[in-house]
Amino acid sequence: MNLSFDLDRASGYKAKPQIIRILSEDWVLTNSYCPRCGYYRLQKFRNNRPVADFCCRVCSEEFELKSKFEKLTNTIIDGAYSKMIERINSKNNPNFFFLTYTRNWSVNDFFIIPKQFFTEEIILKRSPLPPTARRAGWIGCNIDIAKVPESGKVYLVKQSKIIDRKIVKQSFNKTLFLREKSIDAKGWLLDIMKCVDEIKSDVFKLDEIYNFENKLKLKYPNNNFIKDKIRQQLQILRDNGIIEFVGRGKYRKLKPEIH
């Protein structure tokens with residue numbers, strides 16, 4: 001994987017947004033691969049396709065790319081709010097690639113948030129454009145990736161370091177079980193995954209998760225059995241290899257292993 005952009009690809013273009021789009025898309029086509037099946041090259045959709053930028057010809061996963069100079073903030077500007085909500089609730093919503101690049105036109109971070117982590121909660125509605133705007137009343141949105149659990153951020157490149165392809169594939173595939181869950185069931189699992197993330201140590205006690213009971217009660221006021229629900233979600237996460245039970249009310253966060 002070559003982390004440098006091929007600047008010749010944008011020769012003759014002057015508009016910076018267009019240059020960035022051409023260079024970043026060319027880099028993904030030349031250097032990336034499918035995080036799900038590991039196929040060595042992605043395929044580009046035709047221009048202006050409303051749903052995604054790339055796909056894998058082997059497993060049919062679809063991907064959209066967002067690029068930004070230097071550091072990626074937790075809030076990422078996207079398009080129309082209504083269209084985004086429609087997309088994430090559809091069957092063919094894409095996974096999202098996020099790419100940051102340096103002043104030297106080199107990739108710094110490149111990661112994917114699998115589509116099963118996109119919920120209405122992480123899509124923030126912006127204020128309508130004022131009456132004086134060309135598109136008066138138009139409502140855009142932002143993506144709040146701070147609300148995505150760490151398991152939902154799969155790095156292919158992190159701080160200019162290329163991550164082993166086997167780790168990427170394993171990390172991507174270990175959360176596919178979420179796609180089989182209903183919206184409500186997935187919401188609970190994602191909330192517990194975020195609670196686990198907030199515990200700094202790799203090994204944690206059940207009581208530490210219970211500390212989030214009041215926070216979860218605010219989100220689910222009609223549920224009078226929050227602790228029971230917590231234990232249920234921990235069991236599902238255990239059964240799917242996100243955490244493991246180590247005995248005496250303790251759990252361990254699991255990281256990808258390469259054999």
# chains A, B, ... in the order shown; residues from 1 in each chain; ligands from 1
call {"tool": "select_by_dssp", "arguments": {"residues": "stretch 72-255 of chain A", "states": "alpha helix (DSSP H)", "output": "VMD selection string"}}
result
chain A and resid 81 to 88 165 to 173 183 to 198 206 to 210 213 to 219 226 to 239
call {"tool": "closest_atom_pairs", "arguments": {"of": "stretch 8-94 of chain A", "to": "stretch 125-140 of chain A", "cutoff": "8 Å", "atoms": "only C-alpha atoms", "output": "JSON lines"}}
result
{"residue": "A:Asp78", "atom": "CA", "partner": "A:Gly140", "partner_atom": "CA", "distance": 6.9}
{"residue": "A:Gly79", "atom": "CA", "partner": "A:Gly140", "partner_atom": "CA", "distance": 5.3}
{"residue": "A:Ala80", "atom": "CA", "partner": "A:Gly140", "partner_atom": "CA", "distance": 4.2}
{"residue": "A:Tyr81", "atom": "CA", "partner": "A:Gly140", "partner_atom": "CA", "distance": 4.8}
{"residue": "A:Ser82", "atom": "CA", "partner": "A:Ile139", "partner_atom": "CA", "distance": 7.8}
call {"tool": "residues_around", "arguments": {"residues": "A:Leu7", "least_positions_apart": "6", "cutoff": "9 Å", "atoms": "only C-alpha atoms", "output": "PyMOL selection string"}}
result
chain A and resi 19+23+105
call {"tool": "write_last_selection", "arguments": {"atoms": "N, CA and C atoms", "output": "PDB file, in the first residue's frame"}}
result
ATOM      1  N   ILE A  19     -10.051  18.497  -7.006  1.00  0.00           N
ATOM      2  CA  ILE A  19      -8.722  17.877  -6.935  1.00  0.00           C
ATOM      3  C   ILE A  19      -8.694  16.826  -5.816  1.00  0.00           C
ATOM      4  N   LEU A  23      -8.085  12.824  -6.353  1.00  0.00           N
ATOM      5  CA  LEU A  23      -6.899  12.192  -5.774  1.00  0.00           C
ATOM      6  C   LEU A  23      -7.276  11.118  -4.742  1.00  0.00           C
ATOM      7  N   TRP A 105       0.313  15.536   0.746  1.00  0.00           N
ATOM      8  CA  TRP A 105      -0.567  14.700  -0.062  1.00  0.00           C
ATOM      9  C   TRP A 105      -0.326  13.207   0.197  1.00  0.00           C
TER      10      TRP A 105
END
call {"tool": "closest_residue", "arguments": {"among": "A:Arg36, A:Lys227, A:Lys71, A:Lys147", "to": "A:Ile122", "atoms": "only C-alpha atoms"}}
result
A:Lys147
call {"tool": "residues_around", "arguments": {"residues": "A:Leu189", "least_positions_apart": "4", "cutoff": "10 Å", "atoms": "only C-alpha atoms", "output": "list in words"}}
result
Leu178, Lys181, Asp184, Ala185, Met193, Lys194, Cys195, Lys229, Ile230, Gln232, Gln233, Leu234, Ile236 and Leu237 of chain A
call {"tool": "write_last_selection", "arguments": {"atoms": "all heavy atoms", "output": "compact mmCIF listing (two decimals), in the first residue's frame"}}
result
# COMPACT_ATOMS: atom_id res chain seq x y z
N LEU A 178 -24.57 -7.60 13.97
CA LEU A 178 -25.47 -6.47 14.23
C LEU A 178 -26.45 -6.24 13.09
O LEU A 178 -27.54 -5.70 13.29
CB LEU A 178 -24.65 -5.20 14.47
CG LEU A 178 -23.84 -5.14 15.78
CD1 LEU A 178 -22.90 -3.95 15.76
CD2 LEU A 178 -24.78 -5.06 16.98
N LYS A 181 -29.92 -7.71 13.55
CA LYS A 181 -30.76 -7.26 14.66
C LYS A 181 -31.77 -6.21 14.21
O LYS A 181 -31.54 -5.47 13.25
CB LYS A 181 -29.88 -6.66 15.77
CG LYS A 181 -28.79 -7.60 16.30
CD LYS A 181 -29.38 -8.83 16.96
CE LYS A 181 -28.30 -9.74 17.52
NZ LYS A 181 -28.87 -10.96 18.15
N ASP A 184 -34.33 -1.64 17.35
CA ASP A 184 -34.32 -1.52 18.81
C ASP A 184 -33.24 -2.39 19.44
O ASP A 184 -32.52 -1.95 20.35
CB ASP A 184 -35.69 -1.89 19.39
CG ASP A 184 -36.75 -0.85 19.06
OD1 ASP A 184 -36.38 0.28 18.72
OD2 ASP A 184 -37.94 -1.18 19.14
N ALA A 185 -33.13 -3.63 18.98
CA ALA A 185 -32.14 -4.56 19.54
C ALA A 185 -30.73 -4.06 19.26
O ALA A 185 -29.85 -4.12 20.13
CB ALA A 185 -32.34 -5.95 18.96
N MET A 193 -22.09 -1.31 24.10
CA MET A 193 -20.72 -1.26 23.55
C MET A 193 -20.06 0.07 23.87
O MET A 193 -18.86 0.13 24.19
CB MET A 193 -20.76 -1.51 22.04
CG MET A 193 -21.13 -2.95 21.67
SD MET A 193 -21.48 -3.18 19.91
CE MET A 193 -19.82 -3.18 19.23
N LYS A 194 -20.83 1.16 23.80
CA LYS A 194 -20.28 2.47 24.16
C LYS A 194 -19.96 2.52 25.65
O LYS A 194 -18.94 3.12 26.06
CB LYS A 194 -21.28 3.57 23.80
CG LYS A 194 -21.29 3.93 22.32
CD LYS A 194 -19.98 4.60 21.89
CE LYS A 194 -19.79 5.93 22.56
NZ LYS A 194 -18.49 6.57 22.15
N CYS A 195 -20.81 1.93 26.48
CA CYS A 195 -20.53 1.89 27.91
C CYS A 195 -19.23 1.13 28.19
O CYS A 195 -18.41 1.56 29.00
CB CYS A 195 -21.69 1.23 28.66
SG CYS A 195 -23.24 2.17 28.65
N LYS A 229 -31.41 -6.05 31.36
CA LYS A 229 -31.13 -5.77 29.95
C LYS A 229 -29.63 -5.67 29.72
O LYS A 229 -29.11 -6.14 28.69
CB LYS A 229 -31.81 -4.46 29.54
CG LYS A 229 -31.93 -4.27 28.04
CD LYS A 229 -32.92 -5.23 27.41
CE LYS A 229 -33.13 -4.95 25.95
NZ LYS A 229 -34.09 -5.88 25.31
N ILE A 230 -28.92 -5.08 30.66
CA ILE A 230 -27.46 -4.97 30.54
C ILE A 230 -26.84 -6.36 30.47
O ILE A 230 -26.00 -6.64 29.61
CB ILE A 230 -26.88 -4.18 31.74
CG1 ILE A 230 -27.24 -2.69 31.63
CG2 ILE A 230 -25.35 -4.36 31.81
CD1 ILE A 230 -26.84 -1.88 32.84
N GLN A 232 -28.19 -9.13 29.58
CA GLN A 232 -28.58 -9.77 28.32
C GLN A 232 -27.69 -9.30 27.17
O GLN A 232 -27.22 -10.12 26.36
CB GLN A 232 -30.04 -9.43 28.01
CG GLN A 232 -30.55 -10.04 26.71
CD GLN A 232 -31.91 -9.47 26.33
OE1 GLN A 232 -32.05 -8.27 26.11
NE2 GLN A 232 -32.91 -10.35 26.27
N GLN A 233 -27.41 -8.00 27.12
CA GLN A 233 -26.59 -7.47 26.03
C GLN A 233 -25.13 -7.94 26.17
O GLN A 233 -24.47 -8.24 25.16
CB GLN A 233 -26.63 -5.94 26.01
CG GLN A 233 -28.02 -5.33 25.93
CD GLN A 233 -28.90 -5.98 24.89
OE1 GLN A 233 -28.58 -5.97 23.70
NE2 GLN A 233 -30.02 -6.55 25.33
N LEU A 234 -24.65 -8.02 27.39
CA LEU A 234 -23.29 -8.52 27.62
C LEU A 234 -23.15 -9.96 27.14
O LEU A 234 -22.12 -10.35 26.59
CB LEU A 234 -22.91 -8.41 29.09
CG LEU A 234 -22.69 -6.99 29.64
CD1 LEU A 234 -22.45 -7.04 31.14
CD2 LEU A 234 -21.53 -6.29 28.93
N ILE A 236 -24.86 -11.34 24.70
CA ILE A 236 -24.84 -11.32 23.23
C ILE A 236 -23.46 -10.89 22.73
O ILE A 236 -22.92 -11.48 21.79
CB ILE A 236 -25.93 -10.38 22.68
CG1 ILE A 236 -27.32 -10.91 23.04
CG2 ILE A 236 -25.79 -10.22 21.17
CD1 ILE A 236 -28.46 -9.97 22.70
N LEU A 237 -22.88 -9.89 23.37
CA LEU A 237 -21.55 -9.44 22.99
C LEU A 237 -20.51 -10.52 23.25
O LEU A 237 -19.56 -10.69 22.47
CB LEU A 237 -21.18 -8.16 23.74
CG LEU A 237 -22.04 -6.91 23.43
CD1 LEU A 237 -21.58 -5.73 24.28
CD2 LEU A 237 -21.96 -6.56 21.95
call {"tool": "residues_around", "arguments": {"residues": "A:Met1", "least_positions_apart": "4", "cutoff": "12 Å", "atoms": "only C-alpha atoms", "output": "MDAnalysis selection string"}}
result
chainID A and resid 5 27:33 40:41 106:107 110 156:157 160:165
call {"tool": "write_last_selection", "arguments": {"atoms": "C-alpha atoms", "output": "short mmCIF file (atom, residue, chain, number, x, y, z; two decimals), in the first residue's frame"}}
result
data_model
loop_
_atom_site.label_atom_id
_atom_site.label_comp_id
_atom_site.auth_asym_id
_atom_site.auth_seq_id
_atom_site.Cartn_x
_atom_site.Cartn_y
_atom_site.Cartn_z
CA PHE A 5 -1.46 10.44 -3.67
CA TRP A 27 -5.91 6.42 -4.07
CA VAL A 28 -8.70 4.16 -2.79
CA LEU A 29 -9.02 2.42 -6.16
CA THR A 30 -5.27 1.90 -6.40
CA ASN A 31 -4.44 0.99 -2.82
CA SER A 32 -7.48 -0.15 -0.88
CA TYR A 33 -9.19 -3.54 -0.74
CA TYR A 40 -7.47 -6.94 -3.45
CA ARG A 41 -9.26 -4.18 -5.38
CA SER A 106 -0.08 11.52 1.90
CA VAL A 107 -2.70 9.45 3.73
CA PHE A 110 -7.97 5.68 6.59
CA LEU A 156 -6.74 0.26 7.46
CA VAL A 157 -4.18 3.03 8.07
CA SER A 160 0.45 6.71 8.65
CA LYS A 161 0.88 3.11 9.82
CA ILE A 162 -0.58 0.40 7.61
CA ILE A 163 -2.66 -2.11 9.60
CA ASP A 164 -2.31 -5.81 8.84
CA ARG A 165 -4.99 -6.87 6.36
#
call {"tool": "residues_around", "arguments": {"residues": "A:Glu150", "least_positions_apart": "5", "cutoff": "12 Å", "atoms": "only C-alpha atoms", "output": "list in words"}}
result
Phe111, Ile112, Ile113, Pro114, Phe117, Ile145, Tyr155, Ser171, Phe172, Thr175, Leu190, Asp191, Ile192, Met193, Lys194, Cys195, Val196, Asp197, Glu198, Ile199, Ile242, Lys253, Leu254 and Lys255 of chain A
call {"tool": "write_last_selection", "arguments": {"atoms": "C-alpha atoms", "output": "compact mmCIF listing (two decimals), in the first residue's frame"}}
result
# COMPACT_ATOMS: atom_id res chain seq x y z
CA PHE A 111 -10.73 3.79 8.35
CA ILE A 112 -14.17 2.38 7.75
CA ILE A 113 -17.35 2.56 9.79
CA PRO A 114 -19.45 -0.45 8.75
CA PHE A 117 -23.18 1.26 13.06
CA ILE A 145 -18.74 9.62 14.81
CA TYR A 155 -8.56 1.26 10.62
CA SER A 171 -12.30 -6.51 12.91
CA PHE A 172 -14.80 -5.77 10.15
CA THR A 175 -19.61 -7.04 14.13
CA LEU A 190 -24.54 -0.24 20.55
CA ASP A 191 -25.33 1.57 23.79
CA ILE A 192 -23.74 -1.19 25.88
CA MET A 193 -20.72 -1.26 23.55
CA LYS A 194 -20.28 2.47 24.16
CA CYS A 195 -20.53 1.89 27.91
CA VAL A 196 -17.82 -0.76 27.66
CA ASP A 197 -15.66 1.69 25.69
CA GLU A 198 -15.93 4.25 28.47
CA ILE A 199 -14.31 1.82 30.91
CA ILE A 242 -16.68 -8.70 21.39
CA LYS A 253 -12.49 -6.76 25.96
CA LEU A 254 -11.35 -8.87 23.02
CA LYS A 255 -8.99 -7.65 20.32
call {"tool": "select_by_dssp", "arguments": {"residues": "stretch 8-247 of chain A", "states": "strand (DSSP E or B)", "output": "VMD selection string"}}
result
chain A and resid 43 to 44 54 to 55 62 to 69 75 to 80 95 to 101 106 to 113 123 to 125 140 to 144 154 to 158 161 to 162 203 to 205 243 to 247
call {"tool": "atom_distance", "arguments": {"atom1": "atom CA of A:Lys169", "atom2": "atom CA of A:Cys37"}}
result
6.9 Å
call {"tool": "atom_distance", "arguments": {"atom1": "atom CA of A:Phe63", "atom2": "atom CA of A:Lys44"}}
result
9.4 Å
call {"tool": "residues_around", "arguments": {"residues": "A:Asn142", "least_positions_apart": "2", "cutoff": "6 Å", "atoms": "only C-alpha atoms", "output": "list in words"}}
result
Ile76, Ile77, Asp78, Ile123 and Leu124 of chain A
call {"tool": "write_last_selection", "arguments": {"atoms": "N, CA and C atoms", "output": "short mmCIF file (atom, residue, chain, number, x, y, z; two decimals), in the first residue's frame"}}
result
data_model
loop_
_atom_site.label_atom_id
_atom_site.label_comp_id
_atom_site.auth_asym_id
_atom_site.auth_seq_id
_atom_site.Cartn_x
_atom_site.Cartn_y
_atom_site.Cartn_z
N ILE A 76 -18.79 15.37 11.14
CA ILE A 76 -18.43 15.39 9.73
C ILE A 76 -19.63 15.87 8.91
N ILE A 77 -19.41 16.87 8.10
CA ILE A 77 -20.48 17.45 7.29
C ILE A 77 -20.89 16.47 6.20
N ASP A 78 -22.20 16.29 6.05
CA ASP A 78 -22.71 15.42 4.99
C ASP A 78 -23.78 16.17 4.21
N ILE A 123 -26.82 10.80 13.26
CA ILE A 123 -27.05 11.77 12.20
C ILE A 123 -27.69 13.02 12.80
N LEU A 124 -26.97 14.13 12.77
CA LEU A 124 -27.42 15.37 13.39
C LEU A 124 -28.03 16.30 12.34
#
call {"tool": "closest_residue", "arguments": {"among": "A:Ile209, A:Phe118, A:Tyr251, A:Gln43", "to": "A:Val148", "atoms": "only C-alpha atoms"}}
result
A:Phe118
call {"tool": "closest_atom_pairs", "arguments": {"of": "stretch 84-196 of chain A", "to": "stretch 65-70 of chain A", "cutoff": "8 Å", "atoms": "only C-alpha atoms", "output": "Markdown table"}}
result
| residue | atom | partner | partner_atom | distance |
| --- | --- | --- | --- | --- |
| A:Phe96 | CA | A:Leu65 | CA | 5.9 |
| A:Phe97 | CA | A:Leu65 | CA | 4.7 |
| A:Phe98 | CA | A:Lys66 | CA | 4.9 |
| A:Leu99 | CA | A:Ser67 | CA | 4.7 |
| A:Thr100 | CA | A:Lys68 | CA | 4.9 |
| A:Tyr101 | CA | A:Phe69 | CA | 5.2 |
| A:Thr102 | CA | A:Glu70 | CA | 5.3 |
| A:Arg103 | CA | A:Glu70 | CA | 7.6 |
| A:Asn108 | CA | A:Glu70 | CA | 7.4 |
call {"tool": "atom_distance", "arguments": {"atom1": "atom CA of A:Glu208", "atom2": "atom CA of A:Asp239"}}
result
20.0 Å
